[in-house]
Amino acid sequence: MTYWMCDKCSFVIELPQPPDPCPSCKMKCAFNDVTCYTPDCGGIGGLDSRLVAERVMKKEKPGKVMHFSDIVKGSSSEGKEKHIPSIEMIKGQGKMGKDLVEIVVGREVPHPNTLEHYIVWIQAFGVKKDGHVVDLGREVFKPEKGKPVYAFEIDSSDFKHLFSFAYCTLHGVWEQHLEV
Ligand SMILES: [Fe+2]
């Protein structure tokens with residue numbers, strides 16, 4: 001599948017061919033392919049976050065050097081109640097005495113879940129006690145199907161910090177941290 005990003009409103013959608021008209025701004029727009037094609041990097045659910053960041057920044061701040069961190073939103077942004085991934089860890093509740101981690105978007109205020117407006121993925125990382133950052137995987141969601149939840153198990157004694165990103169088709173990438 002291919003990820004397409006509208007040139008006018010930055011709306012991203014996963015389809016075999018670019019949509020016509022744009023489901024978000026309802027106009028006949030140009031769509032850019034923002035799929036990750038690097039097998040080793042894994043992308044984030046196959047979406048190239050670097051390309052998305054570059055295209056958003058090129059439109060909003062022409063000429064500025066672009067970084068992924070520039071477009072990530074956090075607890076001071078509007079709409080945070082629906083978007084920030086909530087990370088909970090339940091110690092000893094996993095298999096073989098491991099710790100269960102559950103990341104939910106919209107735990108208290110549900111996020112919309114329509115074809116045009118939904119949470120596409122939740123990604124998790126952990127910072128180990130030696131400072132090494134490890135990929136803790138991701139869950140990719142389809143629109144109109146259930147609540148965006150990503151659950152996995154870790155041995156929390158290995159980690160000092162967890163962080164998570166979630167991507168909304170209309171409102172971008174959001175982050176949350178948890179000290180272990
Ligand atoms: Fe949203």
# chains A, B, ... in the order shown; residues from 1 in each chain; ligands from 1
$ select_by_dssp --residues "region 40-81 of chain A" --states "helix (DSSP H, G or I)" --output "short mmCIF file (atom, residue, chain, number, x, y, z; two decimals) with C-alpha atoms, in the first residue's frame"
data_model
loop_
_atom_site.label_atom_id
_atom_site.label_comp_id
_atom_site.auth_asym_id
_atom_site.auth_seq_id
_atom_site.Cartn_x
_atom_site.Cartn_y
_atom_site.Cartn_z
CA SER A 49 8.00 10.40 8.83
CA ARG A 50 11.02 12.30 7.50
CA LEU A 51 9.29 12.98 4.16
CA VAL A 52 6.09 14.06 5.93
CA ALA A 53 8.05 16.44 8.16
CA GLU A 54 9.93 17.89 5.19
CA ARG A 55 6.77 18.53 3.21
CA VAL A 56 4.87 20.11 6.13
CA MET A 57 7.81 22.34 7.04
CA LYS A 58 8.47 23.35 3.42
CA LYS A 59 4.90 24.63 3.23
CA GLU A 60 4.73 26.27 6.67
CA PHE A 68 10.98 15.62 12.69
CA SER A 69 10.94 17.06 16.22
CA ASP A 70 9.71 20.42 14.83
CA ILE A 71 6.32 18.97 13.92
CA LYS A 80 -4.05 17.32 23.43
CA GLU A 81 -6.85 15.50 25.31
#
$ closest_atom_pairs --of "region 39-80 of chain A" --to "region 169-180 of chain A" --cutoff "8 Å" --atoms "only C-alpha atoms" --output "tab-separated table"
residue	atom	partner	partner_atom	distance
A:Ile71	CA	A:Val173	CA	6.9
A:Val72	CA	A:Val173	CA	5.1
A:Lys73	CA	A:Trp174	CA	4.6
A:Gly74	CA	A:Glu175	CA	5.6
$ residues_near_ligand --ligand "ligand 1" --cutoff "12 Å" --atoms "only C-alpha atoms and all ligand atoms" --output "VMD selection string"
chain A and resid 11 73 78 to 85 105 to 106 109 to 120 166 to 174
$ atom_distance --atom1 "CA of Gly63 (chain A)" --atom2 "CA of Lys8 (chain A)"
17.7 Å
$ atom_distance --atom1 "CA of Asp99 (chain A)" --atom2 "CA of Glu153 (chain A)"
5.5 Å
$ select_by_dssp --residues "chain A" --states "strand (DSSP E or B)" --output "VMD selection string"
chain A and resid 2 to 6 12 to 15 31 to 33 35 44 47 72 to 73 85 to 90 99 to 105 119 to 128 133 to 140 149 to 154 159 to 168 172 to 179
$ closest_residue --among "A:Val140, A:Pro23, A:Glu88, A:Cys29" --to "Leu47 (chain A)" --atoms "only C-alpha atoms"
A:Val140
$ atom_distance --atom1 "CA of Ser157 (chain A)" --atom2 "CA of Met89 (chain A)"
12.2 Å
$ residues_around --residues "Cys22 (chain A)" --least-positions-apart "5" --cutoff "9 Å" --atoms "only C-alpha atoms" --output "MDAnalysis selection string"
chainID A and resid 6 9 11 27:31
$ closest_residue --among "A:Asp155, A:Glu108, A:Asp20, A:Glu144" --to "Ile90 (chain A)" --atoms "only C-alpha atoms"
A:Asp155
$ decode --residues "region 56-67 of chain A" --atoms "all heavy atoms" --output "PDB file, in the first residue's frame"
ATOM      1  N   VAL A  56       5.635  19.185   5.275  1.00  0.00           N
ATOM      2  CA  VAL A  56       4.875  20.108   6.128  1.00  0.00           C
ATOM      3  C   VAL A  56       5.692  21.370   6.373  1.00  0.00           C
ATOM      4  O   VAL A  56       5.207  22.492   6.244  1.00  0.00           O
ATOM      5  CB  VAL A  56       4.498  19.431   7.474  1.00  0.00           C
ATOM      6  CG1 VAL A  56       3.939  20.451   8.448  1.00  0.00           C
ATOM      7  CG2 VAL A  56       3.478  18.328   7.239  1.00  0.00           C
ATOM      8  N   MET A  57       6.976  21.194   6.710  1.00  0.00           N
ATOM      9  CA  MET A  57       7.814  22.342   7.036  1.00  0.00           C
ATOM     10  C   MET A  57       8.072  23.217   5.810  1.00  0.00           C
ATOM     11  O   MET A  57       8.128  24.438   5.905  1.00  0.00           O
ATOM     12  CB  MET A  57       9.144  21.877   7.621  1.00  0.00           C
ATOM     13  CG  MET A  57       9.020  21.218   8.973  1.00  0.00           C
ATOM     14  SD  MET A  57       8.337  22.300  10.224  1.00  0.00           S
ATOM     15  CE  MET A  57       9.735  23.392  10.468  1.00  0.00           C
ATOM     16  N   LYS A  58       8.210  22.586   4.647  1.00  0.00           N
ATOM     17  CA  LYS A  58       8.474  23.348   3.423  1.00  0.00           C
ATOM     18  C   LYS A  58       7.308  24.296   3.147  1.00  0.00           C
ATOM     19  O   LYS A  58       7.476  25.414   2.695  1.00  0.00           O
ATOM     20  CB  LYS A  58       8.647  22.365   2.259  1.00  0.00           C
ATOM     21  CG  LYS A  58       9.469  22.934   1.106  1.00  0.00           C
ATOM     22  CD  LYS A  58       9.613  21.928  -0.015  1.00  0.00           C
ATOM     23  CE  LYS A  58      10.703  20.907   0.269  1.00  0.00           C
ATOM     24  NZ  LYS A  58      10.795  19.858  -0.728  1.00  0.00           N
ATOM     25  N   LYS A  59       6.100  23.826   3.470  1.00  0.00           N
ATOM     26  CA  LYS A  59       4.900  24.629   3.233  1.00  0.00           C
ATOM     27  C   LYS A  59       4.748  25.716   4.299  1.00  0.00           C
ATOM     28  O   LYS A  59       4.445  26.854   4.010  1.00  0.00           O
ATOM     29  CB  LYS A  59       3.680  23.701   3.267  1.00  0.00           C
ATOM     30  CG  LYS A  59       2.456  24.271   2.606  1.00  0.00           C
ATOM     31  CD  LYS A  59       1.530  23.179   2.101  1.00  0.00           C
ATOM     32  CE  LYS A  59       1.041  22.257   3.195  1.00  0.00           C
ATOM     33  NZ  LYS A  59       0.129  22.868   4.146  1.00  0.00           N
ATOM     34  N   GLU A  60       4.989  25.334   5.579  1.00  0.00           N
ATOM     35  CA  GLU A  60       4.727  26.270   6.667  1.00  0.00           C
ATOM     36  C   GLU A  60       5.884  27.234   6.923  1.00  0.00           C
ATOM     37  O   GLU A  60       5.676  28.376   7.293  1.00  0.00           O
ATOM     38  CB  GLU A  60       4.405  25.501   7.954  1.00  0.00           C
ATOM     39  CG  GLU A  60       3.063  24.782   7.812  1.00  0.00           C
ATOM     40  CD  GLU A  60       2.676  24.018   9.050  1.00  0.00           C
ATOM     41  OE1 GLU A  60       3.469  23.973  10.006  1.00  0.00           O
ATOM     42  OE2 GLU A  60       1.564  23.451   9.046  1.00  0.00           O
ATOM     43  N   LYS A  61       7.119  26.751   6.771  1.00  0.00           N
ATOM     44  CA  LYS A  61       8.281  27.609   7.037  1.00  0.00           C
ATOM     45  C   LYS A  61       9.293  27.422   5.917  1.00  0.00           C
ATOM     46  O   LYS A  61      10.309  26.734   6.095  1.00  0.00           O
ATOM     47  CB  LYS A  61       8.894  27.251   8.393  1.00  0.00           C
ATOM     48  CG  LYS A  61       7.962  27.594   9.540  1.00  0.00           C
ATOM     49  CD  LYS A  61       8.491  27.132  10.867  1.00  0.00           C
ATOM     50  CE  LYS A  61       7.447  27.395  11.933  1.00  0.00           C
ATOM     51  NZ  LYS A  61       7.655  26.661  13.152  1.00  0.00           N
ATOM     52  N   PRO A  62       9.026  28.045   4.737  1.00  0.00           N
ATOM     53  CA  PRO A  62       9.926  27.830   3.607  1.00  0.00           C
ATOM     54  C   PRO A  62      11.360  28.220   3.936  1.00  0.00           C
ATOM     55  O   PRO A  62      11.594  29.234   4.588  1.00  0.00           O
ATOM     56  CB  PRO A  62       9.350  28.747   2.520  1.00  0.00           C
ATOM     57  CG  PRO A  62       7.993  29.115   2.979  1.00  0.00           C
ATOM     58  CD  PRO A  62       7.962  28.987   4.464  1.00  0.00           C
ATOM     59  N   GLY A  63      12.303  27.413   3.522  1.00  0.00           N
ATOM     60  CA  GLY A  63      13.717  27.753   3.710  1.00  0.00           C
ATOM     61  C   GLY A  63      14.304  27.277   5.023  1.00  0.00           C
ATOM     62  O   GLY A  63      15.512  27.228   5.188  1.00  0.00           O
ATOM     63  N   LYS A  64      13.453  26.905   6.008  1.00  0.00           N
ATOM     64  CA  LYS A  64      13.967  26.482   7.318  1.00  0.00           C
ATOM     65  C   LYS A  64      14.493  25.029   7.230  1.00  0.00           C
ATOM     66  O   LYS A  64      13.938  24.224   6.511  1.00  0.00           O
ATOM     67  CB  LYS A  64      12.837  26.550   8.355  1.00  0.00           C
ATOM     68  CG  LYS A  64      13.290  26.292   9.774  1.00  0.00           C
ATOM     69  CD  LYS A  64      12.101  26.412  10.728  1.00  0.00           C
ATOM     70  CE  LYS A  64      12.534  26.257  12.176  1.00  0.00           C
ATOM     71  NZ  LYS A  64      12.998  24.930  12.528  1.00  0.00           N
ATOM     72  N   VAL A  65      15.561  24.751   7.964  1.00  0.00           N
ATOM     73  CA  VAL A  65      16.058  23.369   8.029  1.00  0.00           C
ATOM     74  C   VAL A  65      15.025  22.556   8.810  1.00  0.00           C
ATOM     75  O   VAL A  65      14.563  22.962   9.876  1.00  0.00           O
ATOM     76  CB  VAL A  65      17.437  23.302   8.737  1.00  0.00           C
ATOM     77  CG1 VAL A  65      17.884  21.850   8.899  1.00  0.00           C
ATOM     78  CG2 VAL A  65      18.458  24.086   7.955  1.00  0.00           C
ATOM     79  N   MET A  66      14.651  21.417   8.250  1.00  0.00           N
ATOM     80  CA  MET A  66      13.526  20.684   8.816  1.00  0.00           C
ATOM     81  C   MET A  66      13.957  19.488   9.664  1.00  0.00           C
ATOM     82  O   MET A  66      14.851  18.753   9.289  1.00  0.00           O
ATOM     83  CB  MET A  66      12.645  20.188   7.672  1.00  0.00           C
ATOM     84  CG  MET A  66      11.961  21.326   6.976  1.00  0.00           C
ATOM     85  SD  MET A  66      11.456  20.870   5.324  1.00  0.00           S
ATOM     86  CE  MET A  66      12.894  21.275   4.394  1.00  0.00           C
ATOM     87  N   HIS A  67      13.313  19.337  10.809  1.00  0.00           N
ATOM     88  CA  HIS A  67      13.553  18.179  11.677  1.00  0.00           C
ATOM     89  C   HIS A  67      12.216  17.596  12.078  1.00  0.00           C
ATOM     90  O   HIS A  67      11.241  18.322  12.254  1.00  0.00           O
ATOM     91  CB  HIS A  67      14.307  18.607  12.942  1.00  0.00           C
ATOM     92  CG  HIS A  67      15.629  19.233  12.649  1.00  0.00           C
ATOM     93  ND1 HIS A  67      16.718  18.506  12.280  1.00  0.00           N
ATOM     94  CD2 HIS A  67      16.002  20.523  12.648  1.00  0.00           C
ATOM     95  CE1 HIS A  67      17.733  19.326  12.068  1.00  0.00           C
ATOM     96  NE2 HIS A  67      17.324  20.559  12.278  1.00  0.00           N
TER      97      HIS A  67
END
